[in-house]
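**Student:** So I've got this file, model-v3.txt, and it contains compact mmCIF, C-alpha atoms:
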```txt
# COMPACT_ATOMS: atom_id res chain seq x y z
CA MET A 1 2.28 14.42 -22.45
CA ILE A 2 2.26 12.29 -19.30
CA ARG A 3 5.78 11.13 -18.43
CA VAL A 4 5.69 7.62 -16.96
CA LEU A 5 8.32 5.52 -15.18
CA LEU A 6 7.62 1.76 -15.14
CA VAL A 7 8.87 -0.23 -12.15
CA ASP A 8 8.52 -4.02 -12.15
CA ASP A 9 11.01 -6.86 -11.76
CA GLN A 10 9.33 -8.93 -14.50
CA HIS A 11 10.60 -8.05 -17.97
CA LEU A 12 7.48 -9.33 -19.71
CA ILE A 13 5.24 -7.16 -17.54
CA ARG A 14 7.31 -4.07 -18.30
CA ALA A 15 7.36 -4.88 -22.02
CA GLY A 16 3.58 -5.22 -22.07
CA LEU A 17 3.09 -1.97 -20.19
CA ARG A 18 5.55 -0.20 -22.46
CA MET A 19 3.72 -1.35 -25.59
CA LEU A 20 0.36 -0.39 -24.10
CA CYS A 21 1.55 3.11 -23.21
CA ALA A 22 3.42 3.60 -26.50
CA ALA A 23 0.14 3.28 -28.39
CA GLN A 24 -1.30 6.29 -26.53
CA PRO A 25 -0.76 9.81 -27.91
CA ASP A 26 -0.66 11.39 -24.46
CA ILE A 27 1.56 8.95 -22.54
CA GLU A 28 5.35 8.63 -22.83
CA VAL A 29 7.42 5.97 -21.04
CA VAL A 30 10.57 7.83 -20.02
CA GLY A 31 12.25 4.98 -18.16
CA GLU A 32 12.06 1.49 -16.67
CA ALA A 33 13.40 -0.03 -13.47
CA ASP A 34 13.43 -3.64 -12.27
CA ASN A 35 13.89 -2.88 -8.57
CA GLY A 36 13.13 -0.19 -6.03
CA ARG A 37 16.66 1.12 -5.75
CA GLU A 38 16.87 1.77 -9.48
CA ALA A 39 13.40 3.35 -9.39
CA ILE A 40 14.54 5.88 -6.79
CA THR A 41 17.55 6.84 -8.90
CA LEU A 42 15.60 7.12 -12.14
CA ALA A 43 12.76 9.07 -10.56
CA ALA A 44 15.23 11.69 -9.34
CA ARG A 45 16.88 11.94 -12.76
CA LEU A 46 13.91 11.61 -15.13
CA LEU A 47 11.27 13.48 -13.09
CA PRO A 48 8.27 11.39 -14.23
CA ASP A 49 4.72 12.60 -13.67
CA VAL A 50 3.52 9.10 -12.78
CA VAL A 51 5.43 6.08 -11.49
CA VAL A 52 3.69 2.74 -12.10
CA MET A 53 5.06 0.79 -9.15
CA ASP A 54 5.16 -2.93 -8.43
CA LEU A 55 5.38 -3.84 -4.74
CA ARG A 56 7.26 -7.13 -4.46
CA MET A 57 10.76 -6.75 -5.90
CA PRO A 58 14.21 -7.96 -4.81
CA GLY A 59 16.26 -5.60 -2.69
CA VAL A 60 14.36 -2.36 -2.15
CA ASP A 61 10.64 -3.12 -2.43
CA GLY A 62 7.94 -0.91 -3.93
CA ILE A 63 6.67 0.46 -0.62
CA THR A 64 10.12 1.64 0.45
CA ALA A 65 10.77 3.06 -3.01
CA THR A 66 7.45 4.92 -2.93
CA SER A 67 8.27 6.52 0.40
CA ARG A 68 11.76 7.58 -0.69
CA ILE A 69 10.68 8.94 -4.07
CA LEU A 70 7.96 11.07 -2.48
CA ALA A 71 10.32 12.29 0.23
CA GLU A 72 12.52 13.77 -2.50
CA ARG A 73 9.77 14.89 -4.89
CA PRO A 74 6.29 15.01 -3.31
CA ALA A 75 4.63 16.07 -6.57
CA THR A 76 5.34 12.67 -8.15
CA ARG A 77 2.22 10.52 -8.46
CA ILE A 78 2.83 6.86 -7.65
CA LEU A 79 0.30 4.35 -8.91
CA VAL A 80 0.69 0.85 -7.51
CA LEU A 81 0.15 -2.01 -9.95
CA THR A 82 0.38 -5.36 -8.20
CA THR A 83 -0.88 -8.91 -8.08
CA PHE A 84 -1.47 -8.63 -4.33
CA GLY A 85 -4.60 -6.76 -3.31
CA ASP A 86 -4.70 -7.83 0.34
CA ASP A 87 -4.61 -5.41 3.26
CA ASP A 88 -1.00 -6.31 4.08
CA HIS A 89 0.02 -4.67 0.78
CA LEU A 90 -2.73 -2.08 0.33
CA TYR A 91 -2.46 -0.10 3.56
CA PRO A 92 1.37 0.10 3.72
CA ALA A 93 1.37 1.34 0.11
CA LEU A 94 -1.19 4.05 0.90
CA THR A 95 0.66 4.99 4.07
CA ALA A 96 3.86 5.36 2.01
CA GLY A 97 2.03 7.86 -0.19
CA ALA A 98 0.77 5.93 -3.23
CA CYS A 99 -2.08 7.81 -4.90
CA GLY A 100 -3.82 4.74 -6.27
CA PHE A 101 -3.87 0.96 -6.27
CA LEU A 102 -4.63 -1.22 -9.28
CA LEU A 103 -4.43 -4.97 -9.71
CA LYS A 104 -2.50 -6.57 -12.56
CA ASP A 105 -5.58 -8.38 -13.83
CA ALA A 106 -7.22 -5.01 -14.54
CA PRO A 107 -8.29 -4.42 -18.16
CA PRO A 108 -5.82 -2.34 -20.19
CA ALA A 109 -8.33 0.50 -20.46
CA GLU A 110 -8.57 0.65 -16.65
CA LEU A 111 -4.80 0.91 -16.31
CA LEU A 112 -4.55 3.69 -18.92
CA ASP A 113 -7.43 5.53 -17.25
CA GLY A 114 -5.63 5.09 -13.92
CA ILE A 115 -2.43 6.66 -15.26
CA ARG A 116 -4.35 9.61 -16.67
CA ARG A 117 -6.34 10.10 -13.48
CA ALA A 118 -3.21 9.87 -11.33
CA ALA A 119 -1.52 12.50 -13.50
CA VAL A 120 -4.29 15.04 -12.85
CA GLY A 121 -4.37 14.43 -9.10
CA ASP A 122 -7.09 11.79 -8.82
CA SER A 123 -6.80 8.53 -6.88
CA PRO A 124 -7.56 5.49 -9.06
CA PHE A 125 -8.42 2.19 -7.37
CA SER A 126 -9.50 -1.17 -8.71
CA PRO A 127 -13.24 -1.49 -7.93
CA GLU A 128 -12.79 -4.39 -5.51
CA VAL A 129 -10.04 -2.53 -3.65
CA LEU A 130 -12.13 0.63 -3.39
CA ARG A 131 -15.11 -1.35 -2.14
CA ARG A 132 -13.03 -2.93 0.59
CA LEU A 133 -11.58 0.42 1.63
CA VAL A 134 -15.03 1.94 1.97
CA GLN A 135 -16.52 -1.05 3.76
CA ARG A 136 -13.67 -1.13 6.24
CA ALA A 137 -13.86 2.61 6.87
CA VAL A 138 -17.59 2.59 7.57
CA HIS A 139 -17.72 -0.71 9.46
CA ALA A 140 -17.73 1.00 12.83
CA ARG A 141 -20.28 3.60 11.71
CA PRO A 142 -23.04 1.94 9.67
CA GLU A 143 -25.10 5.09 9.20
CA PRO A 144 -27.09 5.46 5.99
CA PRO A 145 -25.59 7.71 3.33
CA ARG A 146 -26.05 11.37 4.21
CA SER A 147 -28.32 13.66 2.23
CA VAL A 148 -26.54 16.77 1.00
CA GLN A 149 -28.19 20.07 0.18
CA GLY A 150 -27.51 21.51 -3.26
CA LEU A 151 -27.35 18.16 -5.05
CA THR A 152 -29.64 17.10 -7.83
CA ALA A 153 -31.72 13.97 -7.28
CA ARG A 154 -29.47 12.05 -9.68
CA GLU A 155 -26.30 13.26 -7.93
CA GLN A 156 -27.75 12.07 -4.62
CA ASP A 157 -28.45 8.67 -6.17
CA VAL A 158 -24.86 8.46 -7.43
CA LEU A 159 -23.51 9.58 -4.04
CA ASN A 160 -25.47 6.85 -2.26
CA LEU A 161 -24.03 4.19 -4.57
CA VAL A 162 -20.48 5.53 -4.23
CA ALA A 163 -20.97 5.15 -0.47
CA GLU A 164 -21.77 1.48 -1.06
CA GLY A 165 -18.44 1.05 -2.85
CA LEU A 166 -19.87 0.44 -6.32
CA SER A 167 -17.68 1.04 -9.38
CA ASN A 168 -18.65 3.47 -12.15
CA THR A 169 -19.86 0.60 -14.31
CA GLU A 170 -21.96 -0.84 -11.48
CA ILE A 171 -23.45 2.58 -10.74
CA GLY A 172 -24.28 3.06 -14.40
CA ASP A 173 -25.97 -0.35 -14.57
CA ARG A 174 -27.95 0.34 -11.39
CA LEU A 175 -29.16 3.74 -12.56
CA HIS A 176 -29.37 2.89 -16.27
CA ILE A 177 -26.98 5.66 -17.31
CA GLY A 178 -23.68 5.64 -19.16
CA VAL A 179 -20.27 5.42 -17.49
CA THR A 180 -19.32 8.85 -18.88
CA THR A 181 -22.42 10.32 -17.23
CA VAL A 182 -21.48 8.64 -13.96
CA LYS A 183 -18.00 10.18 -14.14
CA THR A 184 -19.51 13.61 -14.76
CA HIS A 185 -21.74 13.27 -11.71
CA ILE A 186 -18.83 12.10 -9.54
CA THR A 187 -16.67 15.03 -10.65
CA SER A 188 -19.50 17.41 -9.74
CA LEU A 189 -20.00 15.65 -6.39
CA MET A 190 -16.31 15.93 -5.49
CA THR A 191 -16.46 19.65 -6.25
CA LYS A 192 -19.65 20.23 -4.25
CA THR A 193 -18.45 18.21 -1.24
CA ASP A 194 -14.82 19.39 -1.40
CA SER A 195 -13.66 15.77 -1.67
CA PRO A 196 -10.20 15.41 -3.28
CA ASN A 197 -10.78 11.86 -4.48
CA ARG A 198 -13.33 9.07 -4.70
CA VAL A 199 -12.40 7.47 -1.38
CA ARG A 200 -12.93 10.73 0.49
CA LEU A 201 -16.23 11.22 -1.37
CA ALA A 202 -17.40 7.78 -0.23
CA LEU A 203 -16.40 8.50 3.35
CA PHE A 204 -18.11 11.90 3.18
CA ALA A 205 -21.29 10.21 2.00
CA ARG A 206 -21.16 7.90 5.00
CA GLY A 207 -20.54 10.72 7.45
CA VAL A 208 -17.09 9.44 8.35
```
For this file, write the structure as structure tokens.
**Tutor:**
Amino acid sequence: MIRVLLVDDQHLIRAGLRMLCAAQPDIEVVGEADNGREAITLAARLLPDVVVMDLRMPGVDGITATSRILAERPATRILVLTTFGDDDHLYPALTAGACGFLLKDAPPAELLDGIRRAAVGDSPFSPEVLRRLVQRAVHARPEPPRSVQGLTAREQDVLNLVAEGLSNTEIGDRLHIGVTTVKTHITSLMTKTDSPNRVRLALFARGV
């Protein structure tokens, strides 16, 4: 069971998230906070596996709360869920230690998948956010994707498209394979390239 703490200053948002998570057999909402200060207190007391963290809140904001929660319990996985996907919010959140960054207009299935991925050590990002991260990282080094020994031809195709910042769905459409197959290839690629998450895999593919 994945223990989740919801942090958002909007009651309707928290209620929607709570209902969404309650319908899942493997996710339990153990607490809710409407500001960063309360999130810090609850995280220390409830020991959640994943904190779904808003960024803009009165008083202590989500970035400060993320930093303080991780300072006390580094094993906590903090997944940002926000309306604001610009660089002024993205990079401070990642610097504070957030493991992933999703936008509030994400489909429910994407959010649930993000919580599950965060809980097992992955780094979930909304596709548009991931694409921007990769494009910014490789801007100064526009080399073509590297070819890696030991990969199958299909794995190399997937690696090249990850390097372009494509989402799993976009990769599946491009290669005419299912999303589950794409995920299997990406898991294999991360193992073979010793990449801890998708962002690092994309950077590896670009030789960064």
**Student:** Can you tell me which residues surround Ala33 of chain A at a distance of at most 10 Å, considering only C-alpha atoms, apart from same-chain residues fewer than 2 positions away, and format the answer as a list of chain:residue names?
**Tutor:**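 That gives A:Leu5, A:Leu6, A:Val7, A:Asp8, A:Asp9, A:Gln10, A:His11, A:Arg14, A:Gly31, A:Asn35, A:Gly36, A:Arg37, A:Glu38, A:Ala39, A:Ile40, A:Thr41, A:Leu42, A:Ala43, A:Met53.
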**Student:** For atom CA of Glu32 of chain A and atom CA of Pro127 of chain A, determine how far apart the two atoms are, in Å to one decimal place.
**Tutor:**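 Separation between atom CA of Glu32 of chain A and atom CA of Pro127 of chain A: 26.9 Å.
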**Student:** Measuring atom to atom with only C-alpha atoms, identify which of A:Arg18, A:Lys104, A:Arg56, A:Arg132 is nearest to His89 of chain A.
**Tutor:** A:Arg56
**Student:** Which value, in Å to one decimal, gives the distance between atom CA of Val80 of chain A and atom CA of Val179 of chain A?
**Tutor:** 23.7 Å
**Student:** Go through A:Pro124, A:Ala202, A:His176, A:Leu112 one by one, measure the shortest atom-to-atom distance of each to Ala23 of chain A using all atoms listed in the file, and give the residue with the smallest value.
**Tutor:** A:Leu112
**Student:** So, counting all atoms listed in the file, which residue among A:Pro108, A:Leu203, A:Arg45, A:Arg116 is closest to Glu28 of chain A?
**Tutor:** A:Arg116
**Student:** Kindly give the distance, in Å, that separates atom CA of His185 of chain A and atom CA of Glu155 of chain A, rounded to a single decimal.
**Tutor:**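 Between atom CA of His185 of chain A and atom CA of Glu155 of chain A the gap works out to 5.9 Å.
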**Student:** Considering all atoms listed in the file, can you say which of A:Arg154, A:Leu90, A:Gly114, A:Leu189 comes closest to Ile177 of chain A?
**Tutor:**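 Smallest distance to Ile177 of chain A is found for A:Arg154.
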**Student:** Residues near Ala96 of chain A, anyone? I mean within 7 Å using all atoms listed in the file, not counting same-chain ones fewer than 3 positions away, as a PyMOL selection string.
**Tutor:** chain A and resi 63+66-67+92-93
**Student:** Have a look at A:Ser123, A:Thr95, A:Thr83, A:Ser167 and name the one nearest to Arg200 of chain A; count only C-alpha atoms.
**Tutor:**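 Smallest separation from Arg200 of chain A among the options: A:Ser123.
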**Student:** So which one's closest to Glu72 of chain A, A:Ile171, A:Met19, A:Val199, A:Ala44? Using all atoms listed in the file, please.
**Tutor:** A:Ala44
**Student:** With 9 Å as the threshold, what does the neighbourhood of (-8.1, 0.6, -5.5) contain in terms of residues, counting all atoms listed in the file? Coordinates are those of the file; answer as a PDB file with C-alpha atoms, keeping the file's coordinate frame.
**Tutor:**
```
ATOM      1  CA  GLY A  85      -4.600  -6.760  -3.310  1.00  0.00           C
ATOM      2  CA  LEU A  90      -2.730  -2.080   0.330  1.00  0.00           C
ATOM      3  CA  GLY A 100      -3.820   4.740  -6.270  1.00  0.00           C
ATOM      4  CA  PHE A 101      -3.870   0.960  -6.270  1.00  0.00           C
ATOM      5  CA  LEU A 102      -4.630  -1.220  -9.280  1.00  0.00           C
ATOM      6  CA  LEU A 103      -4.430  -4.970  -9.710  1.00  0.00           C
ATOM      7  CA  SER A 123      -6.800   8.530  -6.880  1.00  0.00           C
ATOM      8  CA  PRO A 124      -7.560   5.490  -9.060  1.00  0.00           C
ATOM      9  CA  PHE A 125      -8.420   2.190  -7.370  1.00  0.00           C
ATOM     10  CA  SER A 126      -9.500  -1.170  -8.710  1.00  0.00           C
ATOM     11  CA  PRO A 127     -13.240  -1.490  -7.930  1.00  0.00           C
ATOM     12  CA  GLU A 128     -12.790  -4.390  -5.510  1.00  0.00           C
ATOM     13  CA  VAL A 129     -10.040  -2.530  -3.650  1.00  0.00           C
ATOM     14  CA  LEU A 130     -12.130   0.630  -3.390  1.00  0.00           C
ATOM     15  CA  ARG A 131     -15.110  -1.350  -2.140  1.00  0.00           C
ATOM     16  CA  ARG A 132     -13.030  -2.930   0.590  1.00  0.00           C
ATOM     17  CA  LEU A 133     -11.580   0.420   1.630  1.00  0.00           C
TER      18      LEU A 133
END
```
